[in-house]
>>> print(open('start.txt').read())   # compact mmCIF, N, CA and C atoms
# COMPACT_ATOMS: atom_id res chain seq x y z
N MET A 1 30.20 -2.11 -4.19
CA MET A 1 29.22 -2.34 -3.16
C MET A 1 29.64 -3.57 -2.37
N PRO A 2 29.66 -3.50 -1.04
CA PRO A 2 30.03 -4.66 -0.23
C PRO A 2 29.09 -5.85 -0.50
N GLU A 3 29.64 -7.05 -0.42
CA GLU A 3 28.86 -8.26 -0.71
C GLU A 3 27.61 -8.37 0.16
N ASN A 4 27.73 -8.05 1.46
CA ASN A 4 26.57 -8.14 2.36
C ASN A 4 25.47 -7.19 1.90
N LEU A 5 25.83 -5.99 1.51
CA LEU A 5 24.87 -5.01 1.03
C LEU A 5 24.24 -5.49 -0.28
N LYS A 6 25.06 -6.04 -1.15
CA LYS A 6 24.55 -6.55 -2.42
C LYS A 6 23.56 -7.69 -2.20
N ALA A 7 23.90 -8.60 -1.31
CA ALA A 7 23.02 -9.74 -1.02
C ALA A 7 21.69 -9.27 -0.43
N MET A 8 21.74 -8.32 0.49
CA MET A 8 20.51 -7.81 1.11
C MET A 8 19.66 -7.06 0.09
N THR A 9 20.32 -6.32 -0.80
CA THR A 9 19.61 -5.59 -1.84
C THR A 9 18.87 -6.55 -2.76
N LEU A 10 19.55 -7.60 -3.19
CA LEU A 10 18.91 -8.60 -4.06
C LEU A 10 17.73 -9.27 -3.36
N ARG A 11 17.91 -9.57 -2.09
CA ARG A 11 16.82 -10.21 -1.34
C ARG A 11 15.61 -9.29 -1.24
N LEU A 12 15.85 -8.03 -0.92
CA LEU A 12 14.74 -7.07 -0.81
C LEU A 12 14.07 -6.84 -2.16
N GLN A 13 14.84 -6.87 -3.25
CA GLN A 13 14.26 -6.69 -4.58
C GLN A 13 13.32 -7.84 -4.93
N GLN A 14 13.49 -8.98 -4.29
CA GLN A 14 12.58 -10.10 -4.48
C GLN A 14 11.43 -10.07 -3.48
N ASP A 15 11.76 -9.79 -2.22
CA ASP A 15 10.77 -9.90 -1.15
C ASP A 15 9.72 -8.80 -1.17
N VAL A 16 10.11 -7.58 -1.48
CA VAL A 16 9.15 -6.48 -1.47
C VAL A 16 8.05 -6.67 -2.52
N PRO A 17 8.38 -6.91 -3.79
CA PRO A 17 7.32 -7.14 -4.77
C PRO A 17 6.48 -8.38 -4.45
N LEU A 18 7.11 -9.40 -3.87
CA LEU A 18 6.36 -10.60 -3.49
C LEU A 18 5.33 -10.27 -2.41
N ALA A 19 5.73 -9.47 -1.43
CA ALA A 19 4.79 -9.06 -0.37
C ALA A 19 3.64 -8.25 -0.97
N GLU A 20 3.96 -7.33 -1.88
CA GLU A 20 2.93 -6.51 -2.52
C GLU A 20 1.95 -7.39 -3.30
N ALA A 21 2.48 -8.33 -4.07
CA ALA A 21 1.63 -9.22 -4.87
C ALA A 21 0.80 -10.14 -3.98
N SER A 22 1.38 -10.59 -2.88
CA SER A 22 0.65 -11.47 -1.96
C SER A 22 -0.53 -10.74 -1.33
N LEU A 23 -0.33 -9.48 -0.97
CA LEU A 23 -1.44 -8.70 -0.41
C LEU A 23 -2.53 -8.50 -1.45
N ASP A 24 -2.15 -8.25 -2.70
CA ASP A 24 -3.15 -8.13 -3.75
C ASP A 24 -3.94 -9.43 -3.90
N SER A 25 -3.24 -10.55 -3.85
CA SER A 25 -3.90 -11.86 -3.94
C SER A 25 -4.86 -12.08 -2.78
N ALA A 26 -4.44 -11.69 -1.59
CA ALA A 26 -5.31 -11.82 -0.42
C ALA A 26 -6.56 -10.95 -0.57
N LEU A 27 -6.39 -9.75 -1.07
CA LEU A 27 -7.53 -8.85 -1.27
C LEU A 27 -8.49 -9.43 -2.30
N ILE A 28 -7.95 -10.00 -3.35
CA ILE A 28 -8.79 -10.64 -4.36
C ILE A 28 -9.56 -11.81 -3.74
N ALA A 29 -8.88 -12.61 -2.94
CA ALA A 29 -9.52 -13.78 -2.31
C ALA A 29 -10.65 -13.36 -1.38
N VAL A 30 -10.42 -12.34 -0.56
CA VAL A 30 -11.45 -11.87 0.37
C VAL A 30 -12.61 -11.25 -0.41
N SER A 31 -12.30 -10.53 -1.47
CA SER A 31 -13.35 -9.92 -2.29
C SER A 31 -14.20 -11.00 -2.97
N THR A 32 -13.54 -12.04 -3.44
CA THR A 32 -14.25 -13.16 -4.06
C THR A 32 -15.16 -13.85 -3.04
N LEU A 33 -14.65 -14.03 -1.83
CA LEU A 33 -15.45 -14.63 -0.77
C LEU A 33 -16.66 -13.76 -0.46
N MET A 34 -16.46 -12.44 -0.40
CA MET A 34 -17.57 -11.52 -0.16
C MET A 34 -18.65 -11.68 -1.23
N THR A 35 -18.22 -11.74 -2.47
CA THR A 35 -19.16 -11.92 -3.57
C THR A 35 -19.92 -13.23 -3.43
N SER A 36 -19.21 -14.29 -3.07
CA SER A 36 -19.84 -15.60 -2.91
C SER A 36 -20.86 -15.61 -1.78
N VAL A 37 -20.53 -14.97 -0.67
CA VAL A 37 -21.44 -14.93 0.49
C VAL A 37 -22.72 -14.18 0.13
N VAL A 38 -22.57 -13.02 -0.48
CA VAL A 38 -23.75 -12.21 -0.83
C VAL A 38 -24.58 -12.91 -1.90
N THR A 39 -23.91 -13.50 -2.88
CA THR A 39 -24.61 -14.23 -3.93
C THR A 39 -25.37 -15.42 -3.35
N ALA A 40 -24.73 -16.16 -2.46
CA ALA A 40 -25.40 -17.31 -1.83
C ALA A 40 -26.62 -16.86 -1.04
N ARG A 41 -26.48 -15.78 -0.30
CA ARG A 41 -27.61 -15.27 0.50
C ARG A 41 -28.77 -14.91 -0.43
N GLN A 42 -28.45 -14.28 -1.54
CA GLN A 42 -29.49 -13.85 -2.48
C GLN A 42 -30.14 -15.04 -3.18
N ARG A 43 -29.34 -15.99 -3.63
CA ARG A 43 -29.88 -17.12 -4.41
C ARG A 43 -30.62 -18.13 -3.55
N VAL A 44 -30.22 -18.26 -2.29
CA VAL A 44 -30.90 -19.19 -1.40
C VAL A 44 -32.24 -18.59 -0.95
N GLY A 45 -32.31 -17.28 -0.96
CA GLY A 45 -33.56 -16.62 -0.61
C GLY A 45 -33.77 -16.42 0.88
N VAL A 46 -32.69 -16.35 1.63
CA VAL A 46 -32.82 -16.09 3.07
C VAL A 46 -33.02 -14.59 3.30
N ALA A 47 -33.40 -14.26 4.49
CA ALA A 47 -33.64 -12.86 4.84
C ALA A 47 -32.36 -12.05 4.65
N PRO A 48 -32.50 -10.78 4.26
CA PRO A 48 -31.32 -9.93 4.06
C PRO A 48 -30.42 -9.82 5.29
N LYS A 49 -30.98 -10.00 6.47
CA LYS A 49 -30.15 -9.89 7.68
C LYS A 49 -29.29 -11.13 7.90
N ALA A 50 -29.62 -12.23 7.22
CA ALA A 50 -28.84 -13.46 7.38
C ALA A 50 -27.42 -13.27 6.86
N GLY A 51 -26.46 -13.57 7.66
CA GLY A 51 -25.06 -13.46 7.26
C GLY A 51 -24.52 -12.04 7.30
N GLN A 52 -25.33 -11.09 7.78
CA GLN A 52 -24.89 -9.70 7.78
C GLN A 52 -23.63 -9.49 8.63
N ALA A 53 -23.55 -10.16 9.77
CA ALA A 53 -22.36 -10.02 10.62
C ALA A 53 -21.12 -10.52 9.89
N SER A 54 -21.25 -11.61 9.17
CA SER A 54 -20.12 -12.14 8.40
C SER A 54 -19.72 -11.18 7.28
N ILE A 55 -20.70 -10.62 6.63
CA ILE A 55 -20.42 -9.67 5.55
C ILE A 55 -19.70 -8.44 6.10
N MET A 56 -20.13 -7.98 7.25
CA MET A 56 -19.47 -6.82 7.86
C MET A 56 -18.02 -7.16 8.23
N ARG A 57 -17.78 -8.38 8.72
CA ARG A 57 -16.41 -8.78 9.06
C ARG A 57 -15.55 -8.87 7.81
N LEU A 58 -16.11 -9.38 6.73
CA LEU A 58 -15.37 -9.44 5.47
C LEU A 58 -15.04 -8.04 4.95
N ALA A 59 -15.98 -7.13 5.08
CA ALA A 59 -15.72 -5.75 4.66
C ALA A 59 -14.60 -5.15 5.50
N LYS A 60 -14.61 -5.44 6.79
CA LYS A 60 -13.54 -4.96 7.67
C LYS A 60 -12.19 -5.57 7.26
N ALA A 61 -12.20 -6.85 6.91
CA ALA A 61 -10.98 -7.53 6.47
C ALA A 61 -10.46 -6.89 5.17
N GLN A 62 -11.37 -6.56 4.25
CA GLN A 62 -10.96 -5.91 3.00
C GLN A 62 -10.29 -4.57 3.30
N LEU A 63 -10.91 -3.79 4.15
CA LEU A 63 -10.35 -2.48 4.49
C LEU A 63 -8.98 -2.64 5.14
N SER A 64 -8.85 -3.62 6.02
CA SER A 64 -7.56 -3.86 6.67
C SER A 64 -6.49 -4.22 5.65
N LEU A 65 -6.83 -5.05 4.69
CA LEU A 65 -5.88 -5.43 3.65
C LEU A 65 -5.46 -4.23 2.80
N VAL A 66 -6.41 -3.35 2.50
CA VAL A 66 -6.08 -2.15 1.73
C VAL A 66 -5.13 -1.27 2.54
N GLU A 67 -5.38 -1.14 3.84
CA GLU A 67 -4.51 -0.33 4.69
C GLU A 67 -3.11 -0.94 4.78
N VAL A 68 -3.04 -2.26 4.95
CA VAL A 68 -1.74 -2.93 5.03
C VAL A 68 -1.00 -2.79 3.70
N SER A 69 -1.71 -2.93 2.61
CA SER A 69 -1.09 -2.77 1.29
C SER A 69 -0.49 -1.38 1.15
N GLY A 70 -1.21 -0.37 1.60
CA GLY A 70 -0.68 0.99 1.56
C GLY A 70 0.58 1.14 2.40
N ASP A 71 0.58 0.50 3.57
CA ASP A 71 1.77 0.54 4.43
C ASP A 71 2.97 -0.12 3.75
N VAL A 72 2.74 -1.26 3.11
CA VAL A 72 3.83 -1.95 2.42
C VAL A 72 4.34 -1.11 1.25
N LEU A 73 3.44 -0.43 0.56
CA LEU A 73 3.88 0.45 -0.53
C LEU A 73 4.73 1.60 0.01
N ARG A 74 4.35 2.13 1.16
CA ARG A 74 5.17 3.19 1.77
C ARG A 74 6.54 2.64 2.18
N VAL A 75 6.56 1.43 2.72
CA VAL A 75 7.84 0.80 3.08
C VAL A 75 8.70 0.65 1.83
N HIS A 76 8.08 0.24 0.72
CA HIS A 76 8.81 0.10 -0.53
C HIS A 76 9.49 1.42 -0.89
N GLY A 77 8.74 2.50 -0.80
CA GLY A 77 9.31 3.81 -1.11
C GLY A 77 10.44 4.18 -0.16
N GLU A 78 10.25 3.89 1.12
CA GLU A 78 11.29 4.20 2.11
C GLU A 78 12.56 3.38 1.85
N LEU A 79 12.38 2.10 1.52
CA LEU A 79 13.53 1.25 1.22
C LEU A 79 14.25 1.72 -0.04
N ALA A 80 13.48 2.19 -1.02
CA ALA A 80 14.10 2.72 -2.23
C ALA A 80 14.93 3.96 -1.90
N ASP A 81 14.42 4.80 -1.01
CA ASP A 81 15.19 5.98 -0.59
C ASP A 81 16.47 5.57 0.12
N ILE A 82 16.37 4.56 0.99
CA ILE A 82 17.55 4.08 1.71
C ILE A 82 18.57 3.51 0.72
N ALA A 83 18.08 2.77 -0.27
CA ALA A 83 18.98 2.19 -1.29
C ALA A 83 19.71 3.29 -2.04
N GLN A 84 18.99 4.35 -2.37
CA GLN A 84 19.60 5.47 -3.08
C GLN A 84 20.67 6.13 -2.21
N GLU A 85 20.37 6.33 -0.95
CA GLU A 85 21.30 6.99 -0.05
C GLU A 85 22.51 6.11 0.28
N THR A 86 22.25 4.82 0.50
CA THR A 86 23.29 3.92 0.97
C THR A 86 24.17 3.39 -0.14
N ALA A 87 23.54 2.98 -1.22
CA ALA A 87 24.30 2.29 -2.26
C ALA A 87 24.29 3.00 -3.60
N GLY A 88 23.58 4.11 -3.68
CA GLY A 88 23.50 4.82 -4.94
C GLY A 88 22.74 4.06 -6.01
N LEU A 89 21.81 3.20 -5.59
CA LEU A 89 21.05 2.41 -6.55
C LEU A 89 20.00 3.27 -7.24
N ASP A 90 19.71 2.93 -8.47
CA ASP A 90 18.70 3.66 -9.24
C ASP A 90 17.33 3.16 -8.81
N VAL A 91 16.56 4.03 -8.17
CA VAL A 91 15.24 3.63 -7.68
C VAL A 91 14.26 3.38 -8.81
N HIS A 92 14.58 3.79 -10.01
CA HIS A 92 13.68 3.56 -11.13
C HIS A 92 13.68 2.09 -11.56
N GLU A 93 14.55 1.28 -10.98
CA GLU A 93 14.57 -0.15 -11.29
C GLU A 93 13.44 -0.88 -10.59
N CYS A 94 12.88 -0.33 -9.52
CA CYS A 94 11.87 -1.02 -8.72
C CYS A 94 10.64 -1.43 -9.53
N PRO A 95 10.00 -0.54 -10.31
CA PRO A 95 8.81 -0.98 -11.03
C PRO A 95 9.09 -2.14 -11.99
N ASN A 96 10.25 -2.14 -12.63
CA ASN A 96 10.58 -3.23 -13.54
C ASN A 96 10.72 -4.54 -12.77
N GLN A 97 11.32 -4.48 -11.59
CA GLN A 97 11.44 -5.67 -10.75
C GLN A 97 10.06 -6.18 -10.37
N ALA A 98 9.17 -5.29 -9.99
CA ALA A 98 7.83 -5.68 -9.58
C ALA A 98 7.07 -6.32 -10.74
N LYS A 99 7.20 -5.75 -11.94
CA LYS A 99 6.53 -6.32 -13.10
C LYS A 99 7.05 -7.72 -13.39
N ALA A 100 8.35 -7.91 -13.31
CA ALA A 100 8.94 -9.23 -13.58
C ALA A 100 8.45 -10.24 -12.56
N THR A 101 8.40 -9.85 -11.30
CA THR A 101 7.95 -10.76 -10.25
C THR A 101 6.47 -11.08 -10.44
N GLY A 102 5.67 -10.08 -10.79
CA GLY A 102 4.24 -10.29 -11.03
C GLY A 102 4.02 -11.27 -12.15
N ALA A 103 4.81 -11.15 -13.21
CA ALA A 103 4.69 -12.08 -14.34
C ALA A 103 5.04 -13.49 -13.90
N GLN A 104 6.07 -13.63 -13.08
CA GLN A 104 6.44 -14.95 -12.58
C GLN A 104 5.34 -15.53 -11.73
N LEU A 105 4.72 -14.71 -10.88
CA LEU A 105 3.63 -15.18 -10.02
C LEU A 105 2.44 -15.62 -10.87
N ALA A 106 2.16 -14.90 -11.94
CA ALA A 106 1.05 -15.26 -12.80
C ALA A 106 1.28 -16.62 -13.45
N LEU A 107 2.53 -16.91 -13.79
CA LEU A 107 2.85 -18.20 -14.39
C LEU A 107 2.66 -19.33 -13.40
N VAL A 108 2.96 -19.06 -12.13
CA VAL A 108 2.84 -20.10 -11.10
C VAL A 108 1.38 -20.37 -10.79
N ALA A 109 0.57 -19.32 -10.79
CA ALA A 109 -0.87 -19.45 -10.45
C ALA A 109 -1.60 -20.14 -11.53
>>> encode(input="start.txt", output="structure tokens")
Amino acid sequence: MPENLKAMTLRLQQDVPLAEASLDSALIAVSTLMTSVVTARQRVGVAPKAGQASIMRLAKAQLSLVEVSGDVLRVHGELADIAQETAGLDVHECPNQAKATGAQLALVA
């Protein structure tokens, strides 16, 4: 395998799982914020309509993150297909790479 191809493959094997994990983290953060907003509204005892516009925007943000995550997962699959065609790489290595990166991210967090 040419060095340039090898270097790009290694970079993508790091960057793709990192992007996937980052989107998951963003979705968790927005979901946590949603929970906090609704809980605050309930515990403070304000009218149910208070903060409704913000809650709707957060719900829209959640949906957008889910859609983006799906797009990144499709890109991952497409890149795996390209790797198979271009370099004959075993696409079954991808989930193991993602698990290893996820474990590393958990240690950092």
>>> closest_residue(input="start.txt", among="A:Ala53, A:Val44, A:Val72, A:Leu65", to="Ser25 of chain A", atoms="only C-alpha atoms")
A:Leu65
>>> axis_aligned_box(input="start.txt", around="segment 28-44 of chain A", padding_each_side="6 Å", output="JSON")
{"center_x": -20.1, "center_y": -14.6, "center_z": -2.0, "size_x": 36.3, "size_y": 21.3, "size_z": 16.9}
>>> residues_around(input="start.txt", residues="Glu20 of chain A", least_positions_apart="6", cutoff="8 Å", atoms="all atoms listed in the file", output="short mmCIF file (atom, residue, chain, number, x, y, z; two decimals) with N, CA and C atoms, in the coordinates of the input")
data_model
loop_
_atom_site.label_atom_id
_atom_site.label_comp_id
_atom_site.auth_asym_id
_atom_site.auth_seq_id
_atom_site.Cartn_x
_atom_site.Cartn_y
_atom_site.Cartn_z
N ALA A 26 -4.44 -11.69 -1.59
CA ALA A 26 -5.31 -11.82 -0.42
C ALA A 26 -6.56 -10.95 -0.57
N SER A 69 -1.71 -2.93 2.61
CA SER A 69 -1.09 -2.77 1.29
C SER A 69 -0.49 -1.38 1.15
N VAL A 72 2.74 -1.26 3.11
CA VAL A 72 3.83 -1.95 2.42
C VAL A 72 4.34 -1.11 1.25
N LEU A 73 3.44 -0.43 0.56
CA LEU A 73 3.88 0.45 -0.53
C LEU A 73 4.73 1.60 0.01
#
>>> residues_around(input="start.txt", residues="Gly51 of chain A", least_positions_apart="6", cutoff="8 Å", atoms="all atoms listed in the file", output="ChimeraX atom specification")
/A:37,41,57
>>> closest_residue(input="start.txt", among="A:Pro17, A:Thr39, A:Lys6, A:Gly45", to="His76 of chain A", atoms="only N, CA and C atoms")
A:Pro17
